[in-house]
Every structure is written in structure tokens, then in C-alpha cells.
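Before any comments, here is the structure.
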Amino acid sequence: MEQANLFGAPPSPTKHFLQFRDFSREEFAYLFERTHWIKEKFKRYEFYQPLRDRTLAMVFEKASTRTRVSFEAGMYQLGGSVIHLTTGDSQLGRAEPIEDTARVISRMVDVVMIRTYEQTKIERFASHSRVPVINGLTNEFHPCQVLADIYTFIEMRGPIQGRTIAWIGDTNNMCYTWLEAARLLDFKLNVSAPPGYRLDADRAGRASPGHYEEFADPMHAARGADLVTTDVWTSMGFEAENEPRRIAFADWCVDEDMMQAARAQALFMHCLPAHRGEEVTHGVMEGPHSVVWDEAENRLHVQKALLEYLVIGRVRA
Ligand code: CP
Ligand code: NVA
């Protein structure tokens with residue numbers, strides 16, 4: 001099995017995971033299958049090191065706990081190594097053009113993960129990179145997180161196709177990634193955000209026509225949902241808006257009543273870090289619907305499958 005990996009070929013031309021729609025439905029099905037296999041093997045404490053001698057460079061321009069630990073641990077577990085760069089300790093913070101950085105780094109490593117601000121920045125990097133680039137969060141998208149969330153849903157509740165997911169709160173990078181996923185994997189996203197923070201119709205329509213519906217009242221969005229999910233009211237990079245957001249989002253807190261409105265078997269997810277008492281109550285975080293810790297763990301497993309696919313290609317089981 002492992003031997004077969006060595007003869008795999010990475011997708012050609014070089015494939016990146018910059019936003020959810022970069023992969024097809026069939027590629028997601030493959031990734032979820034691989035995730036299951038890799039996770040099971042890991043749980044049995046069996047070595048699986050197809051990325052020996054391969055290197056991942058991680059660039060963080062924003063803070064991180066889960067993304068850093070899951071990519072770093074995952075790459076080591078696959079037999080590879082990791083280089084961690086931040087704006088402060090590299091030339092990135094001293095105005096070297098992103099295109100130049102991409103050309104240099106991608107001659108030295110096998111795959112790059114970037115967490116940054118504008119999506120255009122990661123796109124510019126990818127267009128000058130010889131190796132796959134993975135979006136570890138931008139202002140616009142967080143595809144690795146939604147990959148883990150959907151894997152977690154499927155693992156616990158079966159196929160996501162035809163299901164209803166309720167997004168309560170800020171229409172941020174997570175929300176727009178869910179919208180792309182809804183279109184690709186054919187489920188419905190109920191979105192509820194306060195006035196002034198609703199979806200940009202152009203962007204949302206382009207992302208997933210027919211696969212979402214907006215609700216003024218968050219209780220209505222949650223009604224009958226198979227999964228209720230939310231995120232912080234203020235994302236990284238928008239801290240100056242903290243106070244007005246705190247006021248505007250006060251009624252967009254996922255609480256026990258909202259979970260009651262969802263289906264009895266509904267799951268609750270949050271990409272974390274969570275602010276208990278703001279976007280979610282302590283009771284929901286720790287309650288029977290919550291799967292936030294499994295969701296966080298699955299970042300590790302889905303990203304190992306993603307790294308395997310981008311670096312060595314499909315593995316023949
Ligand atoms: N959910 C997530 O991406 O967490 P970090 O910001 O800790 O990486
Ligand atoms: N929307 C949040 C997600 C953090 C993982 C942010 O961008 O800060």
C-alpha cells in the first residue's frame with residue numbers, strides 16, 4: 001500500500017486549494033475516503049509516511065492555534081518536515097513582492113500553506129508557485145475548515161447532499177466558504193445575519209445560486225436544520241469594528257432555544273476559537289448537539305489527505 005504511494009503522480013498542472021470550488025465533487029469524495037483511511041490508520045498507531053523527504057512551508061500573517069498545530073503535526077506524521085514563517089521573522093514583512101517570495105520558496109519546498117489577509121495575495125502567490133498552495137484562511141475564505149466540518153458531518157450523520165445547514169451570524173470567510181460548498185456538494189445553507197451584515201447578493205449568488213436562503217430571524221434559519229454553525233462576530237483583521245458589531249450581533253447568539261428549533265439529531269459546529277456568551281452560549285458549546293472537538297480534530301485528518309493528494313497524487317488502494 002505505502003509502496004504504491006511512492007509511484008503516485010501529483011495532479012498536473014499543479015493544483016492549489018485556494019477556495020472550495022478549486023476541487024470537484026468527485027475530488028472531495030476521494031479526499032473524504034482517504035481521510036477515513038488515514039484517520040483509521042493513525043488511530044491504530046500505524047506508521048504511514050508517504051511524504052518522507054517532503055517539506056511544507058507555512059506562512060502565517062495572522063494568529064493561529066488549530067491550523068498551525070494540525071498542519072505541522074500532520075506533516076510530521078506523514079514523514080515530512082515543516083518550516084514556519086511569519087511576517088515578523090521573514091522578508092514578507094519588509095515588502096518583498098509576494099511573487100518573488102513565491103518563486104523562491106516554491107523552488108525549495110514541496111507544498112506551501114498560507115494564512116493571510118486578501119484572497120488576491122494568495123492567488124498572486126499561487127500563480128508564481130511551482131508547488132501546490134493551500135489557503136489556511138484569508139479574509140474571504142477558510143476552505144480547510146469547511147473541509148473538516150463537512151467530513152465531520154458525513155462521519156456522524158451520513159451524506160450531506162440534500163441536508164440543511166444553518167449559518168447564524170457574520171457573513172464572513174467561513175460563511176462564503178459554506179456557500180461554495182453548498183453549490184458543489186448540493187445542500188442548502190440557511191443564512192441569518194443582522195441588518196448591515198447580510199450577504200453580498202452578487203458574491204453569494206455567483207457562489208451558489210439556489211443553494212441558500214436568507215432569514216431575518218435566526219430562529220427561522222435554524223428551524224429544521226441538520227447542522228447549526230456559527231463563528232465569531234469579529235474576524236481577524238476587523239478588530240476596529242468590534243464595538244458596533246457587539247451591538248449589532250447581540251441577538252445572533254446560538255443558544256439552547258435555537259438548537260431546539262433545529263432537528264432533534266442536529267449537530268452544532270464552530271470553527272473555534274469561540275467566544276462563549278457572544279455568538280454561542282456555554283450551554284450549547286458543552287451540550288449534547290456540540291461536536292466542536294471532533295470537528296477540530298478532523299482538521300488534522302482531512303489536511304493529511306489534502307497534503308497527500310496535492311503532493312503525491314491519488315493513491316491506488
Ligand atoms: N479554526 C481555526 O482555523 O483556528 P485557528 O485560528 O486557531 O487556526
Ligand atoms: N472568521 C474567523 C475564523 C477564525 C478561525 C476569522 O477569520 O478570524
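Identifiers for the C-alpha cells are assigned positionally: chains receive A, B, ... in sequence, residues are indexed from 1 per chain, and ligands are indexed from 1 in the order shown.
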Once you count only C-alpha atoms and all ligand atoms, what closest atom pair and distance in Å to one decimal does each residue of chain A within 7 Å of ligand 1 have, with rows by chain and rising residue number, as a Markdown table?
```
| residue | atom | partner | partner_atom_place_in_ligand_line | distance |
| --- | --- | --- | --- | --- |
| A:Ala63 | CA | ligand 1 | 6 (O) | 6.2 |
| A:Ser64 | CA | ligand 1 | 8 (O) | 3.8 |
| A:Thr65 | CA | ligand 1 | 7 (O) | 3.4 |
| A:Arg66 | CA | ligand 1 | 7 (O) | 3.9 |
| A:Thr67 | CA | ligand 1 | 8 (O) | 3.6 |
| A:Arg68 | CA | ligand 1 | 8 (O) | 6.0 |
| A:Leu137 | CA | ligand 1 | 3 (O) | 6.9 |
| A:Gln145 | CA | ligand 1 | 1 (N) | 6.2 |
| A:Cys271 | CA | ligand 1 | 1 (N) | 4.3 |
| A:Leu272 | CA | ligand 1 | 1 (N) | 4.8 |
| A:Pro273 | CA | ligand 1 | 4 (O) | 6.1 |
```
Could you please take those selected residues and save all heavy atoms as a tab-separated table (two decimals), in the first residue's frame?
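part-v2.tsv was written with the following content:
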```tsv
chain	number	residue	atom	x	y	z
A	63	ALA	N	-2.78	35.24	13.47
A	63	ALA	CA	-2.60	34.26	14.55
A	63	ALA	C	-3.28	32.93	14.22
A	63	ALA	O	-4.18	32.87	13.38
A	63	ALA	CB	-3.19	34.82	15.84
A	64	SER	N	-2.83	31.86	14.87
A	64	SER	CA	-3.45	30.55	14.68
A	64	SER	C	-3.04	29.59	15.78
A	64	SER	O	-1.91	29.62	16.25
A	64	SER	CB	-3.01	29.94	13.34
A	64	SER	OG	-3.40	28.58	13.28
A	65	THR	N	-3.97	28.73	16.17
A	65	THR	CA	-3.64	27.59	17.03
A	65	THR	C	-3.89	26.30	16.24
A	65	THR	O	-2.98	25.53	15.95
A	65	THR	CB	-4.51	27.60	18.30
A	65	THR	OG1	-4.23	28.78	19.04
A	65	THR	CG2	-4.22	26.38	19.18
A	66	ARG	N	-5.15	26.08	15.84
A	66	ARG	CA	-5.54	24.83	15.19
A	66	ARG	C	-4.86	24.62	13.84
A	66	ARG	O	-4.38	23.52	13.54
A	66	ARG	CB	-7.07	24.81	14.95
A	66	ARG	CG	-7.87	24.39	16.14
A	66	ARG	CD	-9.17	25.17	16.17
A	66	ARG	NE	-8.87	26.55	16.53
A	66	ARG	CZ	-8.85	27.00	17.78
A	66	ARG	NH1	-9.20	26.22	18.75
A	66	ARG	NH2	-8.51	28.26	18.06
A	67	THR	N	-4.82	25.66	13.03
A	67	THR	CA	-4.27	25.49	11.68
A	67	THR	C	-2.78	25.17	11.77
A	67	THR	O	-2.28	24.27	11.09
A	67	THR	CB	-4.54	26.77	10.87
A	67	THR	OG1	-5.95	26.99	10.88
A	67	THR	CG2	-4.05	26.64	9.44
A	68	ARG	N	-2.09	25.89	12.65
A	68	ARG	CA	-0.66	25.64	12.80
A	68	ARG	C	-0.41	24.22	13.31
A	68	ARG	O	0.40	23.48	12.75
A	68	ARG	CB	-0.06	26.67	13.77
A	68	ARG	CG	1.30	26.24	14.29
A	68	ARG	CD	2.40	27.19	14.01
A	68	ARG	NE	3.69	26.57	14.22
A	68	ARG	CZ	4.62	27.06	15.01
A	68	ARG	NH1	4.41	28.18	15.66
A	68	ARG	NH2	5.78	26.44	15.13
A	137	LEU	N	-6.59	30.21	5.51
A	137	LEU	CA	-7.54	31.27	5.90
A	137	LEU	C	-7.12	32.59	5.26
A	137	LEU	O	-5.96	33.00	5.35
A	137	LEU	CB	-7.64	31.46	7.42
A	137	LEU	CG	-8.64	32.52	7.95
A	137	LEU	CD1	-9.26	32.09	9.28
A	137	LEU	CD2	-7.96	33.88	8.14
A	145	GLN	N	-11.11	24.56	6.85
A	145	GLN	CA	-12.04	24.40	7.98
A	145	GLN	C	-13.35	23.77	7.50
A	145	GLN	O	-13.87	22.84	8.12
A	145	GLN	CB	-12.32	25.75	8.64
A	145	GLN	CG	-13.23	25.65	9.83
A	145	GLN	CD	-12.60	24.91	10.99
A	145	GLN	OE1	-11.52	25.24	11.43
A	145	GLN	NE2	-13.27	23.87	11.51
A	271	CYS	N	-15.95	26.78	14.20
A	271	CYS	CA	-14.57	26.53	13.76
A	271	CYS	C	-13.57	26.77	14.89
A	271	CYS	O	-12.46	26.25	14.84
A	271	CYS	CB	-14.24	27.37	12.54
A	271	CYS	SG	-14.27	29.15	12.84
A	272	LEU	N	-13.97	27.56	15.90
A	272	LEU	CA	-13.12	27.94	17.05
A	272	LEU	C	-11.99	28.87	16.58
A	272	LEU	O	-11.56	28.74	15.44
A	272	LEU	CB	-12.54	26.70	17.75
A	272	LEU	CG	-13.54	25.61	18.16
A	272	LEU	CD1	-12.79	24.43	18.78
A	272	LEU	CD2	-14.59	26.16	19.13
A	273	PRO	N	-11.52	29.78	17.41
A	273	PRO	CA	-11.88	29.94	18.81
A	273	PRO	C	-13.27	30.54	18.99
A	273	PRO	O	-13.69	31.38	18.20
A	273	PRO	CB	-10.81	30.91	19.34
A	273	PRO	CG	-10.38	31.69	18.13
A	273	PRO	CD	-10.48	30.75	16.98
```
At a cut-off of 6 Å around ligand 2, and using only C-alpha atoms and all ligand atoms, what residues come up? Please write them as a PDB file with all heavy atoms, in the first residue's frame.
```pdb
ATOM      1  N   ASN A 172     -18.977  35.957   6.961  1.00  0.00           N
ATOM      2  CA  ASN A 172     -17.522  36.126   6.844  1.00  0.00           C
ATOM      3  C   ASN A 172     -16.889  35.051   5.952  1.00  0.00           C
ATOM      4  O   ASN A 172     -17.577  34.383   5.169  1.00  0.00           O
ATOM      5  CB  ASN A 172     -16.910  36.109   8.257  1.00  0.00           C
ATOM      6  CG  ASN A 172     -17.203  34.792   8.983  1.00  0.00           C
ATOM      7  OD1 ASN A 172     -17.634  33.819   8.377  1.00  0.00           O
ATOM      8  ND2 ASN A 172     -16.955  34.764  10.277  1.00  0.00           N
ATOM      9  N   ASN A 173     -15.587  34.871   6.109  1.00  0.00           N
ATOM     10  CA  ASN A 173     -14.845  33.886   5.309  1.00  0.00           C
ATOM     11  C   ASN A 173     -15.427  32.468   5.428  1.00  0.00           C
ATOM     12  O   ASN A 173     -15.486  31.726   4.448  1.00  0.00           O
ATOM     13  CB  ASN A 173     -13.353  33.900   5.686  1.00  0.00           C
ATOM     14  CG  ASN A 173     -13.095  33.981   7.184  1.00  0.00           C
ATOM     15  OD1 ASN A 173     -14.003  33.847   8.005  1.00  0.00           O
ATOM     16  ND2 ASN A 173     -11.842  34.214   7.547  1.00  0.00           N
ATOM     17  N   MET A 174     -15.873  32.095   6.625  1.00  0.00           N
ATOM     18  CA  MET A 174     -16.465  30.766   6.809  1.00  0.00           C
ATOM     19  C   MET A 174     -17.796  30.669   6.069  1.00  0.00           C
ATOM     20  O   MET A 174     -18.067  29.684   5.382  1.00  0.00           O
ATOM     21  CB  MET A 174     -16.694  30.498   8.309  1.00  0.00           C
ATOM     22  CG  MET A 174     -15.445  30.105   9.073  1.00  0.00           C
ATOM     23  SD  MET A 174     -14.814  28.501   8.518  1.00  0.00           S
ATOM     24  CE  MET A 174     -16.170  27.410   8.951  1.00  0.00           C
ATOM     25  N   SER A 235     -14.030  38.977  12.867  1.00  0.00           N
ATOM     26  CA  SER A 235     -12.912  38.149  12.406  1.00  0.00           C
ATOM     27  C   SER A 235     -11.589  38.893  12.519  1.00  0.00           C
ATOM     28  O   SER A 235     -11.555  40.130  12.630  1.00  0.00           O
ATOM     29  CB  SER A 235     -13.143  37.741  10.951  1.00  0.00           C
ATOM     30  OG  SER A 235     -14.148  36.769  10.883  1.00  0.00           O
ATOM     31  N   MET A 236     -10.508  38.113  12.440  1.00  0.00           N
ATOM     32  CA  MET A 236      -9.159  38.704  12.497  1.00  0.00           C
ATOM     33  C   MET A 236      -8.998  39.725  11.362  1.00  0.00           C
ATOM     34  O   MET A 236      -9.384  39.462  10.223  1.00  0.00           O
ATOM     35  CB  MET A 236      -8.101  37.611  12.367  1.00  0.00           C
ATOM     36  CG  MET A 236      -8.031  36.705  13.582  1.00  0.00           C
ATOM     37  SD  MET A 236      -6.755  35.440  13.429  1.00  0.00           S
ATOM     38  CE  MET A 236      -7.584  34.224  12.426  1.00  0.00           C
ATOM     39  N   CYS A 271     -15.949  26.776  14.205  1.00  0.00           N
ATOM     40  CA  CYS A 271     -14.569  26.525  13.763  1.00  0.00           C
ATOM     41  C   CYS A 271     -13.566  26.771  14.887  1.00  0.00           C
ATOM     42  O   CYS A 271     -12.455  26.250  14.836  1.00  0.00           O
ATOM     43  CB  CYS A 271     -14.241  27.371  12.538  1.00  0.00           C
ATOM     44  SG  CYS A 271     -14.266  29.151  12.841  1.00  0.00           S
ATOM     45  N   LEU A 272     -13.970  27.564  15.900  1.00  0.00           N
ATOM     46  CA  LEU A 272     -13.115  27.937  17.046  1.00  0.00           C
ATOM     47  C   LEU A 272     -11.992  28.867  16.577  1.00  0.00           C
ATOM     48  O   LEU A 272     -11.562  28.738  15.436  1.00  0.00           O
ATOM     49  CB  LEU A 272     -12.540  26.703  17.749  1.00  0.00           C
ATOM     50  CG  LEU A 272     -13.541  25.613  18.160  1.00  0.00           C
ATOM     51  CD1 LEU A 272     -12.795  24.433  18.782  1.00  0.00           C
ATOM     52  CD2 LEU A 272     -14.586  26.160  19.128  1.00  0.00           C
TER      53      LEU A 272
END
```
- Query: Could you state the separation of atom CA of A:Thr86 and atom CA of A:Val133 in Å, given to one decimal place?
  - Reply: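 A separation of 16.2 Å between them.
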- Task: From a DSSP pass on the backbone, collect the residues of stretch 15-176 of chain A flagged as strand (DSSP E or B) and hand them back as number ranges by chain.
- Result: A: 17, 55-60, 81-86, 111-115, 133-135, 164-168
Mind writing the picked residues with N, CA, C and O atoms as a tab-separated table (two decimals), in the first residue's frame?
```
chain	number	residue	atom	x	y	z
A	17	PHE	N	-5.33	24.63	-3.48
A	17	PHE	CA	-6.61	24.64	-2.76
A	17	PHE	C	-6.76	26.03	-2.14
A	17	PHE	O	-6.46	26.24	-0.97
A	55	THR	N	8.76	18.68	2.17
A	55	THR	CA	8.73	19.81	3.11
A	55	THR	C	7.52	20.71	2.85
A	55	THR	O	7.22	21.04	1.70
A	56	LEU	N	6.89	21.09	3.94
A	56	LEU	CA	5.79	22.05	3.90
A	56	LEU	C	6.28	23.38	4.47
A	56	LEU	O	6.85	23.41	5.56
A	57	ALA	N	6.09	24.48	3.73
A	57	ALA	CA	6.35	25.81	4.28
A	57	ALA	C	5.01	26.41	4.68
A	57	ALA	O	4.05	26.38	3.91
A	58	MET	N	4.94	26.91	5.90
A	58	MET	CA	3.70	27.54	6.38
A	58	MET	C	3.98	29.02	6.63
A	58	MET	O	4.93	29.37	7.33
A	59	VAL	N	3.15	29.86	6.04
A	59	VAL	CA	3.31	31.31	6.20
A	59	VAL	C	2.10	31.83	6.98
A	59	VAL	O	0.96	31.68	6.51
A	60	PHE	N	2.34	32.40	8.13
A	60	PHE	CA	1.24	32.95	8.93
A	60	PHE	C	1.38	34.46	9.06
A	60	PHE	O	2.32	34.95	9.66
A	81	SER	N	8.65	17.28	6.77
A	81	SER	CA	9.07	18.30	7.72
A	81	SER	C	8.42	19.64	7.38
A	81	SER	O	7.84	19.80	6.29
A	82	VAL	N	8.54	20.58	8.31
A	82	VAL	CA	7.78	21.83	8.22
A	82	VAL	C	8.68	23.02	8.52
A	82	VAL	O	9.52	22.97	9.41
A	83	ILE	N	8.47	24.09	7.75
A	83	ILE	CA	9.12	25.36	8.03
A	83	ILE	C	8.03	26.38	8.31
A	83	ILE	O	7.07	26.49	7.53
A	84	HIS	N	8.17	27.09	9.42
A	84	HIS	CA	7.14	28.04	9.85
A	84	HIS	C	7.65	29.47	9.70
A	84	HIS	O	8.65	29.83	10.29
A	85	LEU	N	6.95	30.26	8.89
A	85	LEU	CA	7.36	31.65	8.66
A	85	LEU	C	6.25	32.60	9.11
A	85	LEU	O	5.08	32.30	8.91
A	86	THR	N	6.63	33.73	9.65
A	86	THR	CA	5.64	34.77	9.94
A	86	THR	C	6.10	36.07	9.30
A	86	THR	O	7.26	36.20	8.88
A	111	VAL	N	5.27	21.97	-0.86
A	111	VAL	CA	3.90	22.46	-0.71
A	111	VAL	C	3.94	23.64	0.26
A	111	VAL	O	4.81	23.71	1.13
A	112	VAL	N	3.02	24.58	0.05
A	112	VAL	CA	3.00	25.80	0.86
A	112	VAL	C	1.59	26.01	1.42
A	112	VAL	O	0.61	25.83	0.69
A	113	MET	N	1.51	26.36	2.69
A	113	MET	CA	0.24	26.76	3.28
A	113	MET	C	0.36	28.22	3.72
A	113	MET	O	1.37	28.59	4.30
A	114	ILE	N	-0.65	29.03	3.39
A	114	ILE	CA	-0.59	30.46	3.72
A	114	ILE	C	-1.85	30.90	4.44
A	114	ILE	O	-2.97	30.59	4.01
A	115	ARG	N	-1.67	31.63	5.54
A	115	ARG	CA	-2.78	32.34	6.20
A	115	ARG	C	-2.49	33.83	6.06
A	115	ARG	O	-1.47	34.31	6.55
A	133	VAL	N	-0.34	25.27	-3.41
A	133	VAL	CA	-0.55	26.26	-2.35
A	133	VAL	C	-1.91	26.00	-1.72
A	133	VAL	O	-2.90	25.78	-2.42
A	134	ILE	N	-1.94	26.01	-0.40
A	134	ILE	CA	-3.18	25.75	0.36
A	134	ILE	C	-3.56	27.01	1.13
A	134	ILE	O	-2.72	27.63	1.79
A	135	ASN	N	-4.83	27.36	1.06
A	135	ASN	CA	-5.36	28.50	1.80
A	135	ASN	C	-5.63	28.09	3.26
A	135	ASN	O	-6.52	27.30	3.54
A	164	THR	N	-29.84	20.48	5.28
A	164	THR	CA	-29.95	21.93	5.52
A	164	THR	C	-28.97	22.32	6.64
A	164	THR	O	-29.00	21.75	7.73
A	165	ILE	N	-28.15	23.29	6.32
A	165	ILE	CA	-27.16	23.79	7.27
A	165	ILE	C	-27.56	25.22	7.61
A	165	ILE	O	-27.80	26.03	6.69
A	166	ALA	N	-27.62	25.56	8.90
A	166	ALA	CA	-27.96	26.93	9.29
A	166	ALA	C	-26.70	27.68	9.69
A	166	ALA	O	-25.96	27.23	10.57
A	167	TRP	N	-26.46	28.79	9.00
A	167	TRP	CA	-25.34	29.66	9.35
A	167	TRP	C	-25.90	30.86	10.10
A	167	TRP	O	-26.67	31.65	9.54
A	168	ILE	N	-25.51	31.02	11.37
A	168	ILE	CA	-26.04	32.10	12.20
A	168	ILE	C	-24.91	33.07	12.52
A	168	ILE	O	-23.92	32.68	13.16
```
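Shortest atom-to-atom contact with A:Gly224 among A:Val291, A:Arg316, A:Leu179, A:Arg163: A:Arg163, counting only C-alpha atoms.
Note that atom CA of A:Gly136 and atom CA of A:Lys43 are 24.8 Å apart.
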Wanna dump the stretch 32-150 of chain A-stretch 311-314 of chain A contacts at 10 Å for me, each residue with its shortest atom pair and the distance in Å to one decimal, counting only C-alpha atoms, ordered by chain and number, as a Markdown table?
```
| residue | atom | partner | partner_atom | distance |
| --- | --- | --- | --- | --- |
| A:Arg34 | CA | A:Arg314 | CA | 9.3 |
| A:Pro50 | CA | A:Ile312 | CA | 8.1 |
| A:Leu51 | CA | A:Val311 | CA | 7.9 |
| A:Arg54 | CA | A:Val311 | CA | 8.4 |
| A:Thr55 | CA | A:Val311 | CA | 9.9 |
| A:Leu56 | CA | A:Val311 | CA | 9.9 |
| A:Asp110 | CA | A:Val311 | CA | 6.8 |
| A:Val111 | CA | A:Val311 | CA | 6.9 |
| A:Val131 | CA | A:Val311 | CA | 8.2 |
| A:Pro132 | CA | A:Val311 | CA | 7.3 |
```
Each stretch 212-309 of chain A residue no farther than 12 Å from stretch 157-160 of chain A, nearest pair in Å, only C-alpha atoms, as a tab-separated table:
```
residue	atom	partner	partner_atom	distance
A:Ala225	CA	A:Ile160	CA	11.8
A:Asp226	CA	A:Arg157	CA	8.8
A:Leu227	CA	A:Arg157	CA	9.8
A:Gln265	CA	A:Arg157	CA	8.7
A:Ala266	CA	A:Arg157	CA	9.1
A:Leu267	CA	A:Arg157	CA	8.9
A:Val291	CA	A:Arg157	CA	11.7
```
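Checking A:Phe20, A:Trp252, A:Phe47, A:Tyr117 one by one against A:Gly237, counting only C-alpha atoms, you find the shortest gap at A:Tyr117.
Residue nearest A:Phe187 within the list A:Leu78, A:Ala29, A:Met219, A:Ile150: A:Ile150 [criterion: smallest interatomic distance, only C-alpha atoms].
Excluding stretch 195-207 of chain A and any residue on its chain fewer than 3 positions from it, the residues at most 10 Å away by only C-alpha atoms are A:Arg21, A:Gly169, A:Asp170, A:Thr171, A:Asn172, A:Cys175, A:Tyr176, A:Thr177, A:Trp178, A:Leu179, A:Glu180, A:Ala181, A:Ala182, A:Arg183, A:Leu184, A:Val191, A:Ser192, A:Gly210, A:His211, A:Tyr212, A:Glu214, A:Phe215, A:Ala216, A:Arg245, A:Ala248, A:Phe249.
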- Task: Name the residues in contact with A:Met259 at a cut-off of 8 Å, using only C-alpha atoms, excluding same-chain residues fewer than 2 positions from it; report them as a VMD selection string.
- Result: chain A and resid 222 228 254 to 257 261 to 263 266 268 284 289
